[in-house]
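Coordinates as given in upload01.cif (mmCIF, C-alpha atoms and all ligand atoms):
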data_entry
loop_
_atom_site.label_atom_id
_atom_site.label_comp_id
_atom_site.auth_asym_id
_atom_site.auth_seq_id
_atom_site.Cartn_x
_atom_site.Cartn_y
_atom_site.Cartn_z
CA MET A 179 0.00 0.00 0.00
CA GLU A 180 1.26 3.44 -0.89
CA VAL A 181 0.19 6.48 1.11
CA VAL A 182 0.57 9.85 -0.60
CA ILE A 183 0.16 12.93 1.56
CA VAL A 184 -0.79 15.84 -0.69
CA ALA A 185 -0.83 19.57 0.06
CA ASP A 186 -4.57 19.93 -0.50
CA PRO A 187 -7.51 18.07 -2.08
CA GLU A 188 -6.93 19.75 -5.46
CA ALA A 189 -3.39 18.32 -5.57
CA GLY A 190 -4.93 14.91 -4.85
CA GLY A 191 -7.40 15.45 -7.69
CA THR A 192 -4.60 16.30 -10.10
CA LEU A 193 -2.53 13.29 -9.06
CA VAL A 194 -5.38 10.81 -9.42
CA GLY A 195 -6.67 12.51 -12.58
CA GLN A 196 -3.22 12.01 -14.11
CA ALA A 197 -3.26 8.32 -13.13
CA ILE A 198 -6.64 7.89 -14.86
CA VAL A 199 -5.45 9.73 -17.98
CA ASP A 200 -2.35 7.50 -18.07
CA LEU A 201 -4.52 4.40 -17.68
CA VAL A 202 -6.85 5.44 -20.51
CA ALA A 203 -3.84 6.23 -22.73
CA ARG A 204 -2.55 2.69 -22.15
CA ARG A 205 -5.96 1.12 -22.36
CA PRO A 206 -8.60 3.19 -24.20
CA ASP A 207 -11.27 0.64 -23.21
CA ALA A 208 -10.40 0.83 -19.50
CA VAL A 209 -13.03 0.07 -16.87
CA LEU A 210 -13.31 2.62 -14.06
CA GLY A 211 -14.95 2.16 -10.68
CA LEU A 212 -16.59 5.40 -9.56
CA ALA A 213 -17.25 6.57 -6.03
CA THR A 214 -19.66 9.35 -5.12
CA GLY A 215 -19.76 11.74 -2.15
CA SER A 216 -17.41 14.69 -1.65
CA SER A 217 -13.98 13.03 -1.78
CA PRO A 218 -13.73 12.13 -5.50
CA VAL A 219 -15.17 15.42 -6.77
CA VAL A 220 -11.66 16.94 -7.12
CA VAL A 221 -10.78 14.04 -9.44
CA TYR A 222 -13.91 14.56 -11.54
CA ARG A 223 -13.14 18.29 -11.85
CA ASP A 224 -9.60 17.47 -12.91
CA LEU A 225 -10.86 15.00 -15.54
CA ALA A 226 -13.35 17.57 -16.86
CA ARG A 227 -10.48 20.07 -17.26
CA ARG A 228 -8.31 17.50 -19.01
CA ARG A 229 -11.16 16.52 -21.33
CA ALA A 230 -11.75 20.19 -22.22
CA ALA A 231 -8.01 20.51 -22.95
CA GLY A 232 -8.19 17.48 -25.26
CA GLU A 233 -5.87 15.42 -23.04
CA VAL A 234 -8.18 12.42 -22.73
CA SER A 235 -11.23 10.79 -24.29
CA PHE A 236 -13.63 8.51 -22.45
CA ALA A 237 -15.30 7.33 -25.66
CA GLY A 238 -14.08 3.76 -25.14
CA VAL A 239 -14.19 3.73 -21.33
CA ARG A 240 -16.85 1.99 -19.24
CA ALA A 241 -17.60 2.71 -15.60
CA PHE A 242 -19.40 1.11 -12.69
CA LEU A 243 -20.62 2.92 -9.59
CA LEU A 244 -19.85 1.55 -6.16
CA ASP A 245 -23.28 1.97 -4.68
CA GLU A 246 -26.75 3.47 -4.81
CA TYR A 247 -29.49 4.39 -2.36
CA ALA A 248 -32.20 1.72 -2.38
CA GLY A 249 -35.44 2.99 -3.86
CA LEU A 250 -33.90 5.90 -5.78
CA THR A 251 -34.20 5.74 -9.57
CA PRO A 252 -31.21 6.81 -11.67
CA GLU A 253 -33.07 10.05 -12.47
CA HIS A 254 -33.79 10.91 -8.82
CA PRO A 255 -32.02 14.20 -7.96
CA ARG A 256 -30.32 12.64 -4.88
CA SER A 257 -29.36 9.35 -6.51
CA TYR A 258 -25.69 8.51 -6.90
CA ARG A 259 -26.31 7.76 -10.57
CA ARG A 260 -27.52 11.34 -11.00
CA PHE A 261 -24.57 12.65 -8.95
CA ILE A 262 -22.11 11.00 -11.35
CA ALA A 263 -24.08 12.27 -14.36
CA GLU A 264 -23.78 15.83 -13.03
CA GLU A 265 -20.25 15.74 -11.61
CA LEU A 266 -18.51 13.73 -14.31
CA GLU A 267 -20.53 12.43 -17.25
CA ARG A 268 -21.85 15.70 -18.56
CA HIS A 269 -18.31 17.14 -18.65
CA VAL A 270 -16.67 14.29 -20.57
CA ASP A 271 -17.48 12.04 -23.54
CA PHE A 272 -18.63 8.65 -22.24
CA ARG A 273 -20.78 6.81 -24.79
CA PRO A 274 -24.46 6.41 -23.85
CA GLY A 275 -24.85 3.38 -21.57
CA ALA A 276 -21.13 3.25 -20.71
CA VAL A 277 -21.73 4.22 -17.07
CA ARG A 278 -23.79 1.90 -14.89
CA GLY A 279 -24.87 1.79 -11.29
CA PRO A 280 -26.39 -1.01 -9.25
CA ASP A 281 -30.12 -1.48 -9.78
CA ALA A 282 -31.59 -0.04 -6.60
CA VAL A 283 -35.25 -0.23 -7.63
CA SER A 284 -35.42 -3.85 -8.74
CA ALA A 285 -38.41 -5.90 -7.56
CA ASP A 286 -35.87 -8.72 -7.13
CA VAL A 287 -32.92 -7.14 -5.33
CA PRO A 288 -30.68 -10.24 -5.19
CA ALA A 289 -31.17 -10.83 -8.94
CA GLY A 290 -30.31 -7.17 -9.63
CA CYS A 291 -27.15 -7.49 -7.52
CA ALA A 292 -26.12 -10.70 -9.30
CA ALA A 293 -26.70 -9.02 -12.67
CA TYR A 294 -24.48 -6.12 -11.61
CA GLU A 295 -21.66 -8.47 -10.56
CA ALA A 296 -22.04 -10.29 -13.90
CA ALA A 297 -21.86 -7.02 -15.83
CA ILE A 298 -18.62 -6.03 -14.07
CA ALA A 299 -17.15 -9.46 -14.82
CA ALA A 300 -18.31 -9.32 -18.46
CA ALA A 301 -16.54 -5.95 -18.83
CA GLY A 302 -13.32 -7.69 -17.74
CA GLY A 303 -13.32 -6.33 -14.18
CA VAL A 304 -12.45 -2.87 -12.91
CA ASP A 305 -9.00 -1.46 -13.77
CA LEU A 306 -9.03 1.47 -11.33
CA GLN A 307 -11.50 1.79 -8.47
CA LEU A 308 -11.96 5.16 -6.78
CA LEU A 309 -12.94 4.95 -3.12
CA GLY A 310 -13.78 7.30 -0.29
CA ILE A 311 -13.93 6.24 3.35
CA GLY A 312 -16.67 6.87 5.88
CA THR A 313 -15.88 8.27 9.32
CA ASP A 314 -16.79 4.78 10.60
CA GLY A 315 -14.33 3.12 8.23
CA HIS A 316 -16.80 2.02 5.55
CA ILE A 317 -15.79 1.63 1.90
CA GLY A 318 -18.57 1.53 -0.64
CA PHE A 319 -21.46 1.29 1.77
CA ASN A 320 -19.98 -1.68 3.58
CA GLU A 321 -20.58 -0.64 7.15
CA PRO A 322 -18.60 -2.04 10.11
CA GLY A 323 -19.33 -5.75 10.46
CA SER A 324 -19.55 -6.30 6.69
CA SER A 325 -17.93 -9.52 5.57
CA LEU A 326 -14.57 -8.92 3.96
CA ALA A 327 -15.68 -11.45 1.32
CA SER A 328 -19.05 -9.75 0.66
CA ARG A 329 -20.48 -9.23 -2.82
CA THR A 330 -22.99 -6.71 -4.17
CA ARG A 331 -26.04 -6.73 -1.92
CA ILE A 332 -28.45 -4.60 0.05
CA LYS A 333 -27.12 -3.07 3.29
CA THR A 334 -28.53 -0.94 6.09
CA LEU A 335 -26.71 2.34 6.74
CA THR A 336 -25.67 3.23 10.27
CA ASP A 337 -27.19 6.40 11.71
CA ARG A 338 -23.67 7.83 11.76
CA THR A 339 -23.37 7.47 7.98
CA ARG A 340 -26.90 8.80 7.48
CA ARG A 341 -25.96 11.85 9.59
CA ASP A 342 -22.71 12.30 7.62
CA ASN A 343 -24.67 12.19 4.33
CA ALA A 344 -27.62 14.31 5.47
CA ARG A 345 -25.93 17.31 3.82
CA PHE A 346 -27.02 15.91 0.45
CA PHE A 347 -30.70 15.65 1.52
CA PRO A 348 -33.31 18.11 2.82
CA SER A 349 -33.05 16.50 6.29
CA PHE A 350 -31.65 13.49 8.16
CA ASP A 351 -35.02 11.75 7.92
CA ASP A 352 -34.85 11.91 4.12
CA VAL A 353 -31.59 9.92 3.95
CA PRO A 354 -32.54 6.39 2.86
CA ARG A 355 -31.81 3.62 5.36
CA HIS A 356 -30.94 1.06 2.72
CA VAL A 357 -28.40 0.96 -0.07
CA VAL A 358 -27.20 -1.45 -2.71
CA THR A 359 -23.43 -1.62 -2.59
CA GLN A 360 -20.58 -3.57 -4.12
CA GLY A 361 -19.21 -5.87 -1.44
CA VAL A 362 -15.74 -5.68 0.05
CA GLY A 363 -14.88 -8.83 -1.92
CA THR A 364 -16.14 -7.20 -5.12
CA ILE A 365 -14.06 -4.06 -4.49
CA LEU A 366 -10.92 -6.10 -3.78
CA GLU A 367 -11.13 -7.63 -7.28
CA ALA A 368 -10.41 -4.28 -8.96
CA ARG A 369 -6.82 -4.15 -10.21
CA HIS A 370 -5.91 -0.80 -8.62
CA LEU A 371 -7.66 0.74 -5.64
CA VAL A 372 -7.36 4.49 -5.08
CA LEU A 373 -8.75 5.79 -1.81
CA LEU A 374 -9.17 9.54 -1.32
CA ALA A 375 -9.71 11.12 2.09
CA PHE A 376 -9.53 14.78 3.01
CA GLY A 377 -10.06 16.67 6.24
CA ALA A 378 -9.58 16.02 9.95
CA ALA A 379 -12.88 14.14 10.27
CA LYS A 380 -11.32 11.29 8.27
CA ALA A 381 -8.02 11.04 10.22
CA ASP A 382 -9.10 8.31 12.62
CA ALA A 383 -10.76 6.15 9.92
CA VAL A 384 -7.72 6.50 7.64
CA ALA A 385 -5.29 5.45 10.39
CA ARG A 386 -7.44 2.47 11.37
CA ALA A 387 -7.81 1.38 7.73
CA VAL A 388 -4.14 1.81 6.81
CA GLU A 389 -2.29 0.95 10.01
CA GLY A 390 -4.76 -0.92 12.19
CA PRO A 391 -5.57 -4.61 12.22
CA VAL A 392 -7.51 -6.07 9.29
CA THR A 393 -11.00 -6.41 10.66
CA ALA A 394 -14.59 -6.40 9.47
CA MET A 395 -15.14 -3.68 12.09
CA VAL A 396 -13.16 -1.36 9.79
CA PRO A 397 -14.06 -2.42 6.24
CA GLY A 398 -11.43 -0.03 4.82
CA SER A 399 -8.73 -2.16 6.51
CA ALA A 400 -9.43 -4.82 3.84
CA LEU A 401 -7.34 -2.66 1.52
CA GLN A 402 -4.30 -4.11 3.30
CA LEU A 403 -5.10 -7.41 1.55
CA HIS A 404 -4.78 -5.91 -1.94
CA PRO A 405 -1.48 -5.76 -3.87
CA HIS A 406 -1.98 -2.34 -5.49
CA VAL A 407 -3.52 0.38 -3.32
CA SER A 408 -2.92 4.14 -3.40
CA VAL A 409 -4.20 6.13 -0.43
CA VAL A 410 -4.28 9.84 -1.22
CA VAL A 411 -4.80 12.06 1.82
CA ASP A 412 -4.26 15.69 2.79
CA GLU A 413 -2.37 16.68 5.94
CA PRO A 414 -5.45 16.81 8.23
CA ALA A 415 -6.58 13.34 7.09
CA ALA A 416 -3.01 12.04 7.61
CA ALA A 417 -2.79 13.43 11.17
CA CYS A 418 -3.13 10.05 12.96
CA LEU A 419 -0.78 8.05 10.71
CA ALA A 420 2.17 6.75 12.76
CA LEU A 421 4.31 6.20 9.67
CA ALA A 422 3.60 9.59 8.02
CA PRO A 423 7.33 10.55 7.87
CA TYR A 424 8.08 7.26 6.09
CA TYR A 425 5.25 7.79 3.59
CA ARG A 426 6.57 11.29 2.83
CA GLU A 427 10.11 9.98 2.38
CA THR A 428 8.97 7.14 0.12
CA TRP A 429 6.91 9.43 -2.10
CA ALA A 430 9.66 12.06 -2.33
CA HIS A 431 12.12 9.48 -3.65
CA LYS A 432 9.81 7.47 -5.88
CA PRO A 433 10.99 7.19 -9.49
CA PRO A 434 8.82 9.61 -11.51
CA TRP A 435 8.09 6.99 -14.22
CA GLN A 436 6.33 4.75 -11.72
CA GLY A 437 3.15 6.80 -11.35
CA LEU A 438 0.57 5.76 -8.80
C1 LIG B 501 -19.76 6.65 -2.03
C2 LIG B 501 -19.22 5.66 -1.11
C3 LIG B 501 -18.86 6.01 0.29
C4 LIG B 501 -18.15 7.35 0.42
C5 LIG B 501 -17.84 7.65 1.88
C6 LIG B 501 -17.14 8.98 2.04
O1 LIG B 501 -19.98 6.09 -3.32
O2 LIG B 501 -19.09 4.55 -1.49
O3 LIG B 501 -18.02 5.01 0.82
O4 LIG B 501 -16.98 7.32 -0.33
O5 LIG B 501 -19.04 7.67 2.59
O6 LIG B 501 -17.98 10.01 1.60
P1 LIG B 501 -17.43 11.49 1.42
O7 LIG B 501 -16.43 11.44 0.33
O8 LIG B 501 -18.66 12.28 1.02
O9 LIG B 501 -16.86 11.90 2.72
#

With the file now loaded, output its structure as structure tokens.
Ligand code: F6R
Amino acid sequence: MEVVIVADPEAGGTLVGQAIVDLVARRPDAVLGLATGSSPVVVYRDLARRRAAGEVSFAGVRAFLLDEYAGLTPEHPRSYRRFIAEELERHVDFRPGAVRGPDAVSADVPAGCAAYEAAIAAAGGVDLQLLGIGTDGHIGFNEPGSSLASRTRIKTLTDRTRRDNARFFPSFDDVPRHVVTQGVGTILEARHLVLLAFGAAKADAVARAVEGPVTAMVPGSALQLHPHVSVVVDEPAAACLALAPYYRETWAHKPPWQGL
């Protein structure tokens, strides 16, 4: 696992945006895994800038969302599918149908989840998966206690996560209780995991995920089981990392050709 401590979220967005542009240059039909929420927005803004500058085309790229609120249609203004349409899709050139999210309105939820897993597999798996982390250590919407081998399924959000996400809804009571999320096992199959975390509120969760024991109580700690993980954090989010000086030293002396 590589931890990169950046000066500010925008620097993180530029770094990860460059890694995505490099991936798409190598593999124009790359498969991206997209996270929603605040953390990846700097990456999406960077990609929009690079698309406008003609640095990258997403015409051959496909993408899969990590999760969706149960009961929200893709068109719903608070759905994650709509969030990605607004924050990324409308600024770049994905082909129609190239971006998919889990079916959160299916009459048969398990069948919808199985179909989503099959679609990811049929696309050849995810090349680069963007992740945020919840203050309780969740990745995707795999709350503490989620099996580290879990697959796409319905989950119940903790009240803590519902409170954290209430800023996207008129009130706390409007935040759905249920979500459909890729499992920890699904996420771990992506070839490169890139976790973004900014701000002091994330410092404890980042330290527990990166340096704590691997435990279902901190789903983000499952990243320690993956061979290619980049954790991109700003100084406040890095505040509880015991090995921060080592991470800085490693990054400062990394050969420039290596990328993330
Ligand atoms: C969103 C997701 C969540 C968020 C996490 C952090 O698709 O899967 O795990 O990444 O809740 O959210 P922010 O970035 O809003 O702090």

Selection within 6 Å of ligand LIG 501 (chain B) by all atoms listed in the file, output as a list in words: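 Taking all atoms listed in the file into account, the residues around ligand LIG 501 (chain B) at most 6 Å away are Ala213, Thr214, Gly215, Ser216, Ser217, Leu244, Asp245, Leu309, Gly310, Ile311, Gly312, His316, Ile317, Gly318 and Phe319 of chain A.
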
Selection near Val396 (chain A), 8 Å with all atoms listed in the file, sequence-local residues under 5 positions removed, as a ChimeraX atom specification: /A:314-316,321-323,383,386-387

Surrounding residues of region 363-376 of chain A excluding itself and chain neighbours under 3 positions, 7 Å, all atoms listed in the file, as an MDAnalysis selection string: chainID A and resid 187 217:218 303:311 326:330 360 380 404 406:412 414:415

Residue contacts of Leu335 (chain A) (9 Å, all atoms listed in the file) excluding same-chain residues fewer than 5 positions away, as an MDAnalysis selection string: chainID A and resid 319:321 340 354:357

Take the residues from that selection and write them out as a short mmCIF file (atom, residue, chain, number, x, y, z; two decimals), in the coordinates of the input, keeping C-alpha atoms.
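Writing the result to out00.cif gives the following:
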data_model
loop_
_atom_site.label_atom_id
_atom_site.label_comp_id
_atom_site.auth_asym_id
_atom_site.auth_seq_id
_atom_site.Cartn_x
_atom_site.Cartn_y
_atom_site.Cartn_z
CA PHE A 319 -21.46 1.29 1.77
CA ASN A 320 -19.98 -1.68 3.58
CA GLU A 321 -20.58 -0.64 7.15
CA ARG A 340 -26.90 8.80 7.48
CA PRO A 354 -32.54 6.39 2.86
CA ARG A 355 -31.81 3.62 5.36
CA HIS A 356 -30.94 1.06 2.72
CA VAL A 357 -28.40 0.96 -0.07
#

Close residues, region 254-263 of chain A itself excluded, 7 Å, only C-alpha atoms, min 6 positions apart in chain, as a list in words: Thr214, Glu246, Tyr247 and Gly279 of chain A

Spatial neighbours of Ala385 (chain A), max dist 10 Å, all atoms listed in the file, sep filter under 3 positions, as a PyMOL selection string: chain A and resi 315+380-382+388-390+398-399+415-421

Could the centre and edge lengths of an axis-aligned box, enclosing all atoms of region 279-298 of chain A in the file with 5 Å extra on each side, be given in Å to one decimal as lines of an AutoDock Vina configuration file?
center_x = -28.5
center_y = -4.5
center_z = -10.5
size_x = 29.8
size_y = 22.6
size_z = 20.6

Top pick for closest residue to Thr334 (chain A), considering A:Pro348, A:Ala379, A:Leu438, A:Ala248 and counting all atoms listed in the file: A:Ala248

Point-to-point distance from CA of Val277 (chain A) to CA of Phe242 (chain A), Å rounded to tenths: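 Calculated distance between CA of Val277 (chain A) and CA of Phe242 (chain A) is 5.9 Å.
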